[in-house]
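Enquirer: File start_17.tsv follows (TSV, C-alpha atoms):
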```tsv
chain	number	residue	atom	x	y	z
A	9	MET	CA	0.00	0.00	0.00
A	10	ALA	CA	1.51	3.27	-1.09
A	11	ASN	CA	1.21	6.63	0.49
A	12	ASN	CA	-1.15	8.83	-1.47
A	13	ARG	CA	1.59	11.45	-1.83
A	14	ASN	CA	3.05	9.14	-4.45
A	15	ILE	CA	0.16	9.68	-6.80
A	16	VAL	CA	1.13	11.79	-9.76
A	17	TRP	CA	-2.02	13.44	-11.04
A	18	HIS	CA	-0.95	14.10	-14.57
A	19	GLU	CA	-2.78	13.18	-17.73
A	20	PRO	CA	-0.68	11.17	-20.16
A	21	SER	CA	-2.18	10.50	-23.54
A	22	ILE	CA	-1.42	8.37	-26.53
A	23	THR	CA	-0.79	10.41	-29.62
A	24	ILE	CA	-2.38	9.57	-32.93
A	25	ASP	CA	1.12	9.18	-34.41
A	26	SER	CA	1.95	6.56	-31.83
A	27	ARG	CA	-1.24	4.68	-32.72
A	28	TRP	CA	-0.39	4.84	-36.44
A	29	LYS	CA	3.07	3.51	-35.77
A	30	SER	CA	1.94	0.53	-33.72
A	31	ASN	CA	-1.11	-0.21	-35.89
A	32	GLY	CA	0.64	-0.06	-39.26
A	33	TYR	CA	-2.01	2.11	-40.89
A	34	LYS	CA	-3.31	5.66	-40.67
A	35	SER	CA	-6.71	6.18	-39.11
A	36	SER	CA	-9.07	8.29	-41.18
A	37	VAL	CA	-12.64	8.69	-42.33
A	38	LEU	CA	-13.84	7.31	-45.62
A	39	TRP	CA	-17.07	9.13	-46.26
A	40	PHE	CA	-19.20	7.25	-48.78
A	41	THR	CA	-21.65	9.72	-50.29
A	42	GLY	CA	-24.15	9.01	-53.02
A	43	LEU	CA	-27.79	8.36	-53.83
A	44	SER	CA	-29.92	5.82	-52.02
A	45	ALA	CA	-29.18	2.35	-53.50
A	46	SER	CA	-25.92	3.53	-55.09
A	47	GLY	CA	-24.04	0.93	-53.01
A	48	LYS	CA	-22.58	2.95	-50.12
A	49	SER	CA	-23.35	0.51	-47.28
A	50	THR	CA	-22.70	-2.58	-49.37
A	51	ILE	CA	-19.20	-1.46	-50.32
A	52	ALA	CA	-18.46	-0.10	-46.84
A	53	HIS	CA	-19.35	-3.46	-45.25
A	54	ALA	CA	-17.39	-5.42	-47.87
A	55	LEU	CA	-14.36	-3.20	-47.25
A	56	ASP	CA	-14.83	-3.59	-43.48
A	57	GLU	CA	-14.71	-7.39	-43.83
A	58	CYS	CA	-11.64	-7.24	-46.04
A	59	LEU	CA	-9.80	-4.94	-43.62
A	60	HIS	CA	-10.84	-7.09	-40.66
A	61	GLU	CA	-9.37	-10.17	-42.35
A	62	ASN	CA	-6.14	-8.24	-42.74
A	63	GLY	CA	-6.00	-7.20	-39.08
A	64	ILE	CA	-6.88	-3.58	-39.76
A	65	HIS	CA	-9.37	-2.04	-37.34
A	66	SER	CA	-12.24	-0.37	-39.10
A	67	TYR	CA	-15.87	0.31	-38.35
A	68	VAL	CA	-18.93	1.11	-40.44
A	69	LEU	CA	-21.06	4.01	-39.30
A	70	ASP	CA	-24.38	4.09	-41.11
A	71	GLY	CA	-28.06	4.66	-40.59
A	72	ASP	CA	-28.45	1.27	-38.93
A	73	ASN	CA	-26.26	1.98	-35.93
A	74	VAL	CA	-26.57	5.76	-35.70
A	75	ARG	CA	-30.21	6.57	-36.39
A	76	HIS	CA	-31.50	4.12	-33.78
A	77	GLY	CA	-29.01	5.07	-31.12
A	78	LEU	CA	-27.06	8.30	-30.86
A	79	ASN	CA	-29.34	10.22	-33.21
A	80	LYS	CA	-32.70	8.70	-32.36
A	81	ASP	CA	-33.87	12.04	-30.94
A	82	LEU	CA	-33.54	13.71	-34.34
A	83	ASP	CA	-36.31	14.06	-36.91
A	84	LEU	CA	-36.06	14.95	-40.60
A	85	SER	CA	-36.26	18.74	-40.23
A	86	PRO	CA	-33.44	20.76	-41.79
A	87	ALA	CA	-32.02	21.58	-38.33
A	88	SER	CA	-32.09	17.93	-37.31
A	89	ARG	CA	-30.47	16.80	-40.56
A	90	LYS	CA	-27.66	19.25	-39.92
A	91	GLU	CA	-27.27	18.07	-36.33
A	92	ASN	CA	-27.33	14.47	-37.56
A	93	ILE	CA	-24.36	15.10	-39.83
A	94	ARG	CA	-22.54	17.17	-37.20
A	95	ARG	CA	-22.74	14.39	-34.61
A	96	ILE	CA	-21.63	11.76	-37.12
A	97	GLY	CA	-18.66	13.97	-37.92
A	98	GLU	CA	-17.75	14.37	-34.25
A	99	VAL	CA	-18.09	10.64	-33.58
A	100	SER	CA	-15.95	9.91	-36.63
A	101	LYS	CA	-13.30	12.24	-35.23
A	102	LEU	CA	-13.27	10.30	-31.95
A	103	PHE	CA	-12.88	7.02	-33.84
A	104	VAL	CA	-10.01	8.46	-35.89
A	105	ASP	CA	-8.38	9.65	-32.67
A	106	ALA	CA	-8.80	6.09	-31.34
A	107	GLY	CA	-6.88	4.78	-34.34
A	108	LEU	CA	-9.65	3.31	-36.49
A	109	LEU	CA	-10.55	3.59	-40.13
A	110	VAL	CA	-14.10	4.89	-40.13
A	111	LEU	CA	-16.31	3.86	-43.02
A	112	ALA	CA	-19.19	6.34	-42.91
A	113	ALA	CA	-22.02	5.54	-45.31
A	114	PHE	CA	-24.54	8.36	-45.48
A	115	ILE	CA	-26.20	10.10	-48.41
A	116	ALA	CA	-25.06	13.54	-47.11
A	117	PRO	CA	-26.46	15.30	-50.19
A	118	TYR	CA	-25.11	18.78	-49.40
A	119	ARG	CA	-21.56	19.89	-50.17
A	120	GLU	CA	-21.53	22.25	-47.22
A	121	ASP	CA	-22.21	19.43	-44.74
A	122	ARG	CA	-19.44	17.29	-46.21
A	123	ARG	CA	-17.10	20.29	-46.20
A	124	GLN	CA	-17.77	20.84	-42.51
A	125	ILE	CA	-16.82	17.29	-41.63
A	126	ARG	CA	-13.63	17.61	-43.67
A	127	ALA	CA	-12.85	20.83	-41.78
A	128	LEU	CA	-13.30	19.02	-38.47
A	129	LEU	CA	-10.49	16.61	-39.27
A	130	ASP	CA	-6.80	17.04	-39.92
A	131	LYS	CA	-5.40	17.09	-43.43
A	132	GLY	CA	-5.59	13.68	-45.04
A	133	GLN	CA	-7.98	12.27	-42.45
A	134	PHE	CA	-11.07	12.81	-44.60
A	135	ILE	CA	-11.38	10.77	-47.77
A	136	GLU	CA	-14.49	11.61	-49.74
A	137	VAL	CA	-15.73	8.62	-51.70
A	138	PHE	CA	-18.32	9.48	-54.32
A	139	VAL	CA	-20.40	6.39	-54.94
A	140	LYS	CA	-21.48	7.31	-58.43
A	141	CYS	CA	-24.53	5.71	-59.95
A	142	SER	CA	-27.25	7.17	-62.14
A	143	VAL	CA	-30.67	7.81	-60.66
A	144	ASP	CA	-32.09	5.45	-63.30
A	145	GLU	CA	-29.90	2.59	-62.16
A	146	CYS	CA	-30.53	3.30	-58.45
A	147	GLU	CA	-34.24	3.37	-59.16
A	148	ARG	CA	-34.00	0.09	-61.06
A	149	ARG	CA	-32.28	-1.55	-58.05
A	150	ASP	CA	-34.53	0.08	-55.43
A	151	PRO	CA	-33.97	-2.71	-52.85
A	152	LYS	CA	-36.11	-1.02	-50.21
A	153	GLY	CA	-38.81	0.27	-52.58
A	154	LEU	CA	-38.00	3.84	-51.59
A	155	TYR	CA	-37.83	5.26	-55.11
A	156	ASN	CA	-41.22	3.70	-55.82
A	157	LYS	CA	-42.67	5.41	-52.77
A	158	ALA	CA	-40.98	8.70	-53.67
A	159	ARG	CA	-42.44	8.60	-57.18
A	160	LYS	CA	-45.87	8.07	-55.69
A	161	GLY	CA	-45.35	11.06	-53.42
A	162	GLN	CA	-45.38	8.89	-50.28
A	163	LEU	CA	-41.87	10.04	-49.40
A	164	LYS	CA	-41.27	13.78	-49.40
A	165	GLU	CA	-37.94	15.38	-50.22
A	166	PHE	CA	-36.34	12.20	-51.49
A	167	THR	CA	-32.77	12.78	-52.66
A	168	GLY	CA	-32.44	12.48	-56.43
A	169	ILE	CA	-36.19	12.62	-57.02
A	170	SER	CA	-37.67	15.53	-55.10
A	171	ALA	CA	-34.61	16.85	-53.25
A	172	PRO	CA	-31.19	17.79	-54.62
A	173	TYR	CA	-28.00	15.75	-54.50
A	174	GLU	CA	-24.96	17.95	-54.82
A	175	ILE	CA	-22.29	15.99	-56.64
A	176	PRO	CA	-18.85	16.10	-54.97
A	177	GLU	CA	-16.53	18.49	-56.77
A	178	ASN	CA	-13.18	17.01	-55.81
A	179	PRO	CA	-13.73	13.63	-54.18
A	180	GLU	CA	-10.61	11.61	-53.41
A	181	ILE	CA	-12.21	8.50	-54.87
A	182	ILE	CA	-15.01	7.93	-57.40
A	183	LEU	CA	-16.58	4.49	-57.45
A	184	GLU	CA	-18.73	3.84	-60.49
A	185	THR	CA	-21.06	1.18	-59.17
A	186	ASP	CA	-23.04	0.93	-62.38
A	187	LYS	CA	-19.84	-0.15	-64.15
A	188	PHE	CA	-17.79	-2.05	-61.55
A	189	ASN	CA	-18.81	-4.70	-59.09
A	190	LYS	CA	-18.41	-4.68	-55.33
A	191	ASP	CA	-15.05	-6.45	-55.20
A	192	GLU	CA	-13.62	-4.18	-57.88
A	193	CYS	CA	-14.73	-1.13	-55.89
A	194	VAL	CA	-13.13	-2.51	-52.72
A	195	LYS	CA	-9.93	-3.16	-54.66
A	196	GLN	CA	-9.98	0.43	-55.94
A	197	ILE	CA	-10.13	1.73	-52.35
A	198	LEU	CA	-7.34	-0.59	-51.19
A	199	ASP	CA	-5.19	0.65	-54.05
A	200	TYR	CA	-5.90	4.22	-52.94
A	201	PHE	CA	-4.85	3.34	-49.38
A	202	VAL	CA	-1.57	1.84	-50.55
A	203	ASP	CA	-0.82	4.54	-53.16
A	204	ASN	CA	-1.39	7.27	-50.58
A	205	LYS	CA	0.44	5.46	-47.79
A	206	TYR	CA	-2.53	4.96	-45.47
A	207	ILE	CA	-1.63	1.29	-45.43
A	208	SER	CA	1.69	-0.26	-46.26
A	209	THR	CA	1.76	-3.12	-48.73
A	210	SER	CA	3.20	-5.29	-45.97
A	211	THR	CA	0.21	-4.58	-43.74
A	212	VAL	CA	-2.42	-5.57	-46.26
A	213	ASN	CA	-2.07	-8.96	-47.89
A	214	GLN	CA	-4.29	-7.94	-50.76
A	215	LYS	CA	-6.33	-11.07	-50.28
A	216	ILE	CA	-9.02	-10.05	-52.71
B	5	MET	CA	-15.13	-4.58	-66.01
B	6	ALA	CA	-18.02	-6.58	-64.71
B	7	ASN	CA	-21.64	-6.35	-65.61
B	8	ASN	CA	-23.61	-4.62	-62.89
B	9	ARG	CA	-25.86	-7.67	-62.61
B	10	ASN	CA	-22.96	-9.27	-60.75
B	11	ILE	CA	-23.27	-6.87	-57.87
B	12	VAL	CA	-24.72	-8.56	-54.82
B	13	TRP	CA	-26.38	-5.89	-52.77
B	14	HIS	CA	-26.33	-7.57	-49.41
B	15	GLU	CA	-25.03	-6.18	-46.18
B	16	PRO	CA	-22.46	-8.42	-44.51
B	17	SER	CA	-21.32	-7.42	-41.08
B	18	ILE	CA	-18.62	-8.41	-38.67
B	19	THR	CA	-20.02	-9.78	-35.44
B	20	ILE	CA	-18.72	-8.66	-32.10
B	21	ASP	CA	-17.77	-12.29	-31.36
B	22	SER	CA	-15.61	-12.39	-34.44
B	23	ARG	CA	-13.86	-9.20	-33.31
B	24	TRP	CA	-13.30	-10.63	-29.84
B	25	LYS	CA	-11.81	-13.78	-31.31
B	26	SER	CA	-9.37	-12.00	-33.59
B	27	ASN	CA	-8.51	-9.28	-31.05
B	28	GLY	CA	-7.87	-11.58	-28.10
B	29	TYR	CA	-9.93	-9.50	-25.66
B	30	LYS	CA	-13.55	-8.59	-25.06
B	31	SER	CA	-14.63	-5.08	-25.86
B	32	SER	CA	-16.52	-3.35	-23.08
B	33	VAL	CA	-17.01	-0.07	-21.26
B	34	LEU	CA	-15.16	0.72	-18.07
B	35	TRP	CA	-17.09	3.56	-16.55
B	36	PHE	CA	-14.97	5.46	-14.04
B	37	THR	CA	-17.33	7.32	-11.72
B	38	GLY	CA	-16.34	9.39	-8.74
B	39	LEU	CA	-15.86	12.90	-7.40
B	40	SER	CA	-13.88	15.58	-9.16
B	41	ALA	CA	-10.15	15.00	-8.44
B	42	SER	CA	-10.75	11.42	-7.30
B	43	GLY	CA	-8.43	10.22	-10.07
B	44	LYS	CA	-10.80	9.02	-12.83
B	45	SER	CA	-9.00	10.53	-15.83
B	46	THR	CA	-5.54	9.90	-14.44
B	47	ILE	CA	-6.17	6.19	-13.96
B	48	ALA	CA	-8.07	5.89	-17.26
B	49	HIS	CA	-5.15	7.40	-19.19
B	50	ALA	CA	-2.58	5.28	-17.33
B	51	LEU	CA	-4.61	2.16	-18.12
B	52	ASP	CA	-4.97	3.28	-21.76
B	53	GLU	CA	-1.17	3.55	-22.05
B	54	CYS	CA	-0.65	0.16	-20.47
B	55	LEU	CA	-3.20	-1.51	-22.77
B	56	HIS	CA	-1.71	0.25	-25.80
B	57	GLU	CA	1.74	-1.11	-24.93
B	58	ASN	CA	0.20	-4.57	-24.83
B	59	GLY	CA	-1.48	-4.22	-28.24
B	60	ILE	CA	-4.98	-3.87	-26.82
B	61	HIS	CA	-7.15	-1.22	-28.45
B	62	SER	CA	-8.70	1.10	-25.95
B	63	TYR	CA	-9.80	4.71	-25.90
B	64	VAL	CA	-10.45	7.26	-23.19
B	65	LEU	CA	-13.68	9.21	-23.44
B	66	ASP	CA	-13.71	12.15	-21.06
B	67	GLY	CA	-14.66	15.77	-20.79
B	68	ASP	CA	-11.68	16.82	-22.90
B	69	ASN	CA	-12.74	15.07	-26.09
B	70	VAL	CA	-16.52	15.00	-25.63
B	71	ARG	CA	-17.48	18.37	-24.16
B	72	HIS	CA	-15.66	20.33	-26.86
B	73	GLY	CA	-16.89	18.20	-29.75
B	74	LEU	CA	-19.94	15.97	-29.81
B	75	ASN	CA	-21.58	17.61	-26.80
B	76	LYS	CA	-20.51	21.20	-27.27
B	77	ASP	CA	-24.14	22.21	-27.87
B	78	LEU	CA	-25.14	21.14	-24.36
B	79	ASP	CA	-25.23	23.39	-21.30
B	80	LEU	CA	-25.40	22.43	-17.63
B	81	SER	CA	-29.20	22.28	-17.31
B	82	PRO	CA	-30.67	19.00	-15.98
B	83	ALA	CA	-31.98	18.10	-19.46
B	84	SER	CA	-28.60	18.75	-21.05
B	85	ARG	CA	-26.77	16.76	-18.38
B	86	LYS	CA	-29.05	13.83	-19.11
B	87	GLU	CA	-28.53	14.17	-22.85
B	88	ASN	CA	-24.78	14.44	-22.25
B	89	ILE	CA	-24.73	11.08	-20.49
B	90	ARG	CA	-27.09	9.50	-23.03
B	91	ARG	CA	-24.85	10.45	-25.96
B	92	ILE	CA	-21.72	9.24	-24.17
B	93	GLY	CA	-23.50	5.94	-23.57
B	94	GLU	CA	-24.48	5.61	-27.22
B	95	VAL	CA	-20.98	6.48	-28.43
B	96	SER	CA	-19.52	3.97	-25.97
B	97	LYS	CA	-21.84	1.34	-27.44
B	98	LEU	CA	-20.55	2.07	-30.94
B	99	PHE	CA	-16.95	1.75	-29.72
B	100	VAL	CA	-17.74	-1.57	-28.02
B	101	ASP	CA	-19.35	-2.77	-31.23
B	102	ALA	CA	-16.17	-1.74	-33.04
B	103	GLY	CA	-14.15	-3.95	-30.69
B	104	LEU	CA	-12.56	-1.43	-28.35
B	105	LEU	CA	-12.23	-1.18	-24.61
B	106	VAL	CA	-13.81	2.16	-23.76
B	107	LEU	CA	-12.46	3.96	-20.73
B	108	ALA	CA	-15.14	6.51	-19.89
B	109	ALA	CA	-14.16	8.98	-17.18
B	110	PHE	CA	-17.11	11.10	-16.09
B	111	ILE	CA	-18.43	12.03	-12.65
B	112	ALA	CA	-21.93	10.74	-13.56
B	113	PRO	CA	-23.22	11.41	-10.03
B	114	TYR	CA	-26.66	9.82	-10.47
B	115	ARG	CA	-27.30	6.08	-10.18
B	116	GLU	CA	-30.16	6.26	-12.67
B	117	ASP	CA	-27.89	7.66	-15.41
B	118	ARG	CA	-25.30	4.96	-14.85
B	119	ARG	CA	-28.04	2.32	-14.78
B	120	GLN	CA	-29.31	3.52	-18.16
B	121	ILE	CA	-25.91	3.14	-19.77
B	122	ARG	CA	-25.58	-0.36	-18.29
B	123	ALA	CA	-29.02	-1.19	-19.75
B	124	LEU	CA	-27.90	0.02	-23.18
B	125	LEU	CA	-25.14	-2.59	-23.32
B	126	ASP	CA	-25.15	-6.37	-23.29
B	127	LYS	CA	-24.42	-8.32	-20.13
B	128	GLY	CA	-20.79	-8.02	-19.11
B	129	GLN	CA	-20.10	-5.08	-21.41
B	130	PHE	CA	-20.49	-2.46	-18.66
B	131	ILE	CA	-17.96	-2.45	-15.87
B	132	GLU	CA	-18.67	0.18	-13.25
B	133	VAL	CA	-15.50	1.41	-11.61
B	134	PHE	CA	-16.07	3.41	-8.46
B	135	VAL	CA	-13.11	5.70	-7.99
B	136	LYS	CA	-13.46	6.09	-4.24
B	137	CYS	CA	-11.89	8.99	-2.49
B	138	SER	CA	-13.12	11.13	0.37
B	139	VAL	CA	-14.32	14.65	-0.34
B	140	ASP	CA	-11.66	15.87	2.11
B	141	GLU	CA	-8.87	14.24	0.12
B	142	CYS	CA	-10.29	15.40	-3.24
B	143	GLU	CA	-10.54	18.92	-1.84
B	144	ARG	CA	-6.96	18.72	-0.58
B	145	ARG	CA	-5.77	17.75	-4.07
B	146	ASP	CA	-8.02	20.19	-5.96
B	147	PRO	CA	-5.70	20.39	-9.03
B	148	LYS	CA	-8.03	22.74	-10.90
B	149	GLY	CA	-9.09	24.84	-7.93
B	150	LEU	CA	-12.70	23.80	-8.42
B	151	TYR	CA	-13.43	22.88	-4.80
B	152	ASN	CA	-12.06	26.24	-3.76
B	153	LYS	CA	-14.42	28.00	-6.16
B	154	ALA	CA	-17.34	25.81	-5.07
B	155	ARG	CA	-16.73	26.67	-1.39
B	156	LYS	CA	-16.75	30.34	-2.31
B	157	GLY	CA	-20.05	29.86	-4.13
B	158	GLN	CA	-18.51	30.67	-7.51
B	159	LEU	CA	-19.51	27.23	-8.82
B	160	LYS	CA	-23.11	26.23	-8.33
B	161	GLU	CA	-24.24	22.64	-7.88
B	162	PHE	CA	-20.77	21.24	-7.46
B	163	THR	CA	-20.82	17.47	-6.89
B	164	GLY	CA	-19.82	16.55	-3.35
B	165	ILE	CA	-20.15	20.11	-2.06
B	166	SER	CA	-23.48	21.55	-3.16
B	167	ALA	CA	-24.85	18.69	-5.31
B	168	PRO	CA	-25.24	15.02	-4.46
B	169	TYR	CA	-22.99	12.15	-5.49
B	170	GLU	CA	-24.84	8.86	-5.39
B	171	ILE	CA	-22.35	6.16	-4.42
B	172	PRO	CA	-22.48	3.05	-6.66
B	173	GLU	CA	-24.30	0.22	-4.92
B	174	ASN	CA	-22.74	-2.74	-6.72
B	175	PRO	CA	-19.78	-1.55	-8.76
B	176	GLU	CA	-17.68	-4.24	-10.40
B	177	ILE	CA	-14.50	-2.55	-9.19
B	178	ILE	CA	-13.73	-0.15	-6.33
B	179	LEU	CA	-10.47	1.77	-6.56
B	180	GLU	CA	-9.47	3.46	-3.32
B	181	THR	CA	-7.30	6.24	-4.61
B	182	ASP	CA	-6.64	7.68	-1.17
B	183	LYS	CA	-4.99	4.38	-0.21
B	184	PHE	CA	-3.44	3.02	-3.40
B	185	ASN	CA	-1.37	4.73	-6.03
B	186	LYS	CA	-2.04	4.96	-9.76
B	187	ASP	CA	-0.04	1.89	-10.79
B	188	GLU	CA	-1.66	-0.20	-8.09
B	189	CYS	CA	-5.11	0.86	-9.32
B	190	VAL	CA	-4.19	-0.02	-12.92
B	191	LYS	CA	-2.93	-3.41	-11.73
B	192	GLN	CA	-6.22	-3.98	-9.89
B	193	ILE	CA	-8.15	-3.40	-13.12
B	194	LEU	CA	-5.86	-5.66	-15.15
B	195	ASP	CA	-6.37	-8.39	-12.55
B	196	TYR	CA	-10.12	-7.93	-12.93
B	197	PHE	CA	-9.82	-8.27	-16.72
B	198	VAL	CA	-7.86	-11.49	-16.42
B	199	ASP	CA	-9.96	-12.98	-13.58
B	200	ASN	CA	-13.15	-12.31	-15.54
B	201	LYS	CA	-11.73	-13.43	-18.88
B	202	TYR	CA	-11.92	-10.07	-20.66
B	203	ILE	CA	-8.26	-10.50	-21.47
B	204	SER	CA	-6.30	-13.73	-21.52
B	205	THR	CA	-3.04	-13.86	-19.60
B	206	SER	CA	-1.29	-14.56	-22.88
B	207	THR	CA	-2.66	-11.35	-24.39
B	208	VAL	CA	-1.44	-9.06	-21.67
B	209	ASN	CA	2.21	-9.24	-20.70
B	210	GLN	CA	1.54	-7.65	-17.35
B	211	LYS	CA	4.35	-5.22	-17.94
B	212	ILE	CA	3.56	-3.08	-14.98
```
Translate this structure into structure tokens?

Expert:
Amino acid sequence: MANNRNIVWHEPSITIDSRWKSNGYKSSVLWFTGLSASGKSTIAHALDECLHENGIHSYVLDGDNVRHGLNKDLDLSPASRKENIRRIGEVSKLFVDAGLLVLAAFIAPYREDRRQIRALLDKGQFIEVFVKCSVDECERRDPKGLYNKARKGQLKEFTGISAPYEIPENPEIILETDKFNKDECVKQILDYFVDNKYISTSTVNQKI
Amino acid sequence: MANNRNIVWHEPSITIDSRWKSNGYKSSVLWFTGLSASGKSTIAHALDECLHENGIHSYVLDGDNVRHGLNKDLDLSPASRKENIRRIGEVSKLFVDAGLLVLAAFIAPYREDRRQIRALLDKGQFIEVFVKCSVDECERRDPKGLYNKARKGQLKEFTGISAPYEIPENPEIILETDKFNKDECVKQILDYFVDNKYISTSTVNQKI
């Protein structure tokens, strides 16, 4: 039992650089933006699995785990939509600080919202991934029947139909999901990681 | 280039069990509760460093990284305090889902708030750590001069002085910081992890 005078009440902390060094990859946010049914969540989850198999810690943030938890108090008003994006940005920042690759899959139709999240993070920590797919193709897929409902007027302000989607001007990555399949899109992202030194070739085995 | 018909639009996901298996430890929340200056943050950061050295992914959530980011829109009203704790609980849940050990260091003076966070998580994922220290000793330490201000009436509703602190009834761990030093407290937590199979002895080298 030690005398309490021995307690040093300082606050050490692990720097993000130290996490990068020990982890072998740089934590950052991949923000998948695009129309409903463009493939954001599908590709994010496929990438998550691939990274997991290679011992890289990543996590998908999407409507499933955010809307029903942290942001369940928010409605669809403009103020709430803004707050929704703000909180996702702040949570992403915490995950990056913790050393993870965040795979955020949200429509985020407004440039200004995406710009604000980029501004929240340090240089190179925000990778905008434009999941590009024509409205026609998204509507053809329509896995949740949302486009159908939007066309019938049952869903108001539906992005791409009755609300705008502002195309990213300078995204780091463009995935053309009406031309390439899921595995090809994942490969494209892995190549980006390696080319831009987020992951070293020795860290990722390039299993796919 | 593949035909888009090849795209399988399903949503795979990595289970928490699969993360546990590959990580070698169980993700969970350690909630450090106790008076101001009892040693919550100090011990959380010391534990974080120790885990980091042993290749275990953990992250400290505390006032420093939450109040100025995610919860910067909240004031000190009762409703805001409740929302503050709710959001921290939801973020902790996301981190646990991502496979991390969350070290949450917040006074959280009310049993009901702590109970709600426990209820949010699965069995065994919430470890309540009562950082026990007398008000007298905390006031003697007073590294930020807060007790001094509270005694002078410059801080209203200060926990332990002019606002209640509800002592945990059945915390998983009690750290007596007026009897044991920082390293001894960290060791006590590591022993708890090993005894309760959160970490295997082979995972942690017990460096300290």

Enquirer: Tell me, in Å to one decimal, how far CA of Val106 (chain B) is from CA of Trp35 (chain B).

Expert: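 We find that CA of Val106 (chain B) and CA of Trp35 (chain B) lie 8.0 Å from each other.
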
Enquirer: So the first atom is CA of Ser208 (chain A) and the second is CA of Tyr33 (chain A); what is the distance between them in Å, to one decimal place?

Expert: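 Pair CA of Ser208 (chain A) / CA of Tyr33 (chain A) returns 6.9 Å.
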
Enquirer: Hey, can you check how far CA of Asp144 (chain A) sits from CA of Cys58 (chain A)?

Expert: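 CA of Asp144 (chain A) sits 29.6 Å away from CA of Cys58 (chain A).
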
Enquirer: Which of these residues is nearest to chain A, using only C-alpha atoms: B:Ala50, B:Cys137, B:Leu39, B:Leu105?

Expert: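 Residue with the minimum atom-to-atom distance to chain A: B:Ala50.
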
Enquirer: I'd like the neighbourhood of Phe114 (chain A) as a PyMOL selection string, where a residue qualifies if any of its atoms comes within 10 Å (using all atoms listed in the file), though same-chain residues fewer than 6 positions away should be ignored.

Expert: chain A and resi 39-44+48-49+69-71+93+96

Enquirer: Given the choices B:Gly103, B:Lys153, B:Tyr196, B:Glu161, which gets closest to Ser26 (chain B) if the distance is worked out from only C-alpha atoms?

Expert: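 Ranking B:Gly103, B:Lys153, B:Tyr196, B:Glu161 by distance to Ser26 (chain B), first place goes to B:Gly103.
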
Enquirer: Which residue out of A:Ser36, A:Ser46, A:Ser170, A:Ser85 has the minimum interatomic distance to Leu128 (chain A) when all atoms listed in the file are used?

Expert: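 That would be A:Ser36, the residue with the smallest distance to Leu128 (chain A).
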
Enquirer: For Pro176 (chain A), which of A:Val194, A:Arg119, A:Leu78, A:Lys131 is the closest residue, counting all atoms listed in the file?

Expert: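 The closest residue to Pro176 (chain A) is A:Arg119.
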
Enquirer: My list of candidates is A:Phe188, A:Phe166, A:Phe134, A:Tyr118. Which is closest to chain B when distances are computed with all atoms listed in the file?

Expert: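 Closest residue, counting all atoms listed in the file: A:Phe188.
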
Enquirer: Please, which residues are within 12 Å of (-10.8, 19.0, -1.7) by the file's coordinates, counting all atoms listed in the file, and could they come as a VMD selection string?

Expert: chain B and resid 39 to 42 137 to 155 162 to 165

Enquirer: Can those selected residues be exported to a file as a PDB file, in the frame of the given file so that it contains C-alpha atoms?

Expert:
```
ATOM      1  CA  LEU B  39     -15.860  12.900  -7.400  1.00  0.00           C
ATOM      2  CA  SER B  40     -13.880  15.580  -9.160  1.00  0.00           C
ATOM      3  CA  ALA B  41     -10.150  15.000  -8.440  1.00  0.00           C
ATOM      4  CA  SER B  42     -10.750  11.420  -7.300  1.00  0.00           C
ATOM      5  CA  CYS B 137     -11.890   8.990  -2.490  1.00  0.00           C
ATOM      6  CA  SER B 138     -13.120  11.130   0.370  1.00  0.00           C
ATOM      7  CA  VAL B 139     -14.320  14.650  -0.340  1.00  0.00           C
ATOM      8  CA  ASP B 140     -11.660  15.870   2.110  1.00  0.00           C
ATOM      9  CA  GLU B 141      -8.870  14.240   0.120  1.00  0.00           C
ATOM     10  CA  CYS B 142     -10.290  15.400  -3.240  1.00  0.00           C
ATOM     11  CA  GLU B 143     -10.540  18.920  -1.840  1.00  0.00           C
ATOM     12  CA  ARG B 144      -6.960  18.720  -0.580  1.00  0.00           C
ATOM     13  CA  ARG B 145      -5.770  17.750  -4.070  1.00  0.00           C
ATOM     14  CA  ASP B 146      -8.020  20.190  -5.960  1.00  0.00           C
ATOM     15  CA  PRO B 147      -5.700  20.390  -9.030  1.00  0.00           C
ATOM     16  CA  LYS B 148      -8.030  22.740 -10.900  1.00  0.00           C
ATOM     17  CA  GLY B 149      -9.090  24.840  -7.930  1.00  0.00           C
ATOM     18  CA  LEU B 150     -12.700  23.800  -8.420  1.00  0.00           C
ATOM     19  CA  TYR B 151     -13.430  22.880  -4.800  1.00  0.00           C
ATOM     20  CA  ASN B 152     -12.060  26.240  -3.760  1.00  0.00           C
ATOM     21  CA  LYS B 153     -14.420  28.000  -6.160  1.00  0.00           C
ATOM     22  CA  ALA B 154     -17.340  25.810  -5.070  1.00  0.00           C
ATOM     23  CA  ARG B 155     -16.730  26.670  -1.390  1.00  0.00           C
ATOM     24  CA  PHE B 162     -20.770  21.240  -7.460  1.00  0.00           C
ATOM     25  CA  THR B 163     -20.820  17.470  -6.890  1.00  0.00           C
ATOM     26  CA  GLY B 164     -19.820  16.550  -3.350  1.00  0.00           C
ATOM     27  CA  ILE B 165     -20.150  20.110  -2.060  1.00  0.00           C
TER      28      ILE B 165
END
```

Enquirer: Go ahead and find all residues with at least one atom no further than 7 Å from (-16.8, -4.1, -26.1) in the file's coordinates, using all atoms listed in the file; report them as a PyMOL selection string.

Expert: chain B and resi 30-33+99-101+103-105+129

Enquirer: Find the residue from A:Asn31, A:Asn189, A:Asn62, A:Asn178 that sits nearest to chain B; use only C-alpha atoms when measuring.

Expert: A:Asn189

Enquirer: Give me the box for region 144-152 of chain B as JSON, namely the centre and edge lengths in Å to one decimal of a box along x, y and z that holds every listed atom plus 5 Å on each side.

Expert:
```
{"center_x": -9.6, "center_y": 22.0, "center_z": -5.7, "size_x": 17.7, "size_y": 18.5, "size_z": 20.3}
```
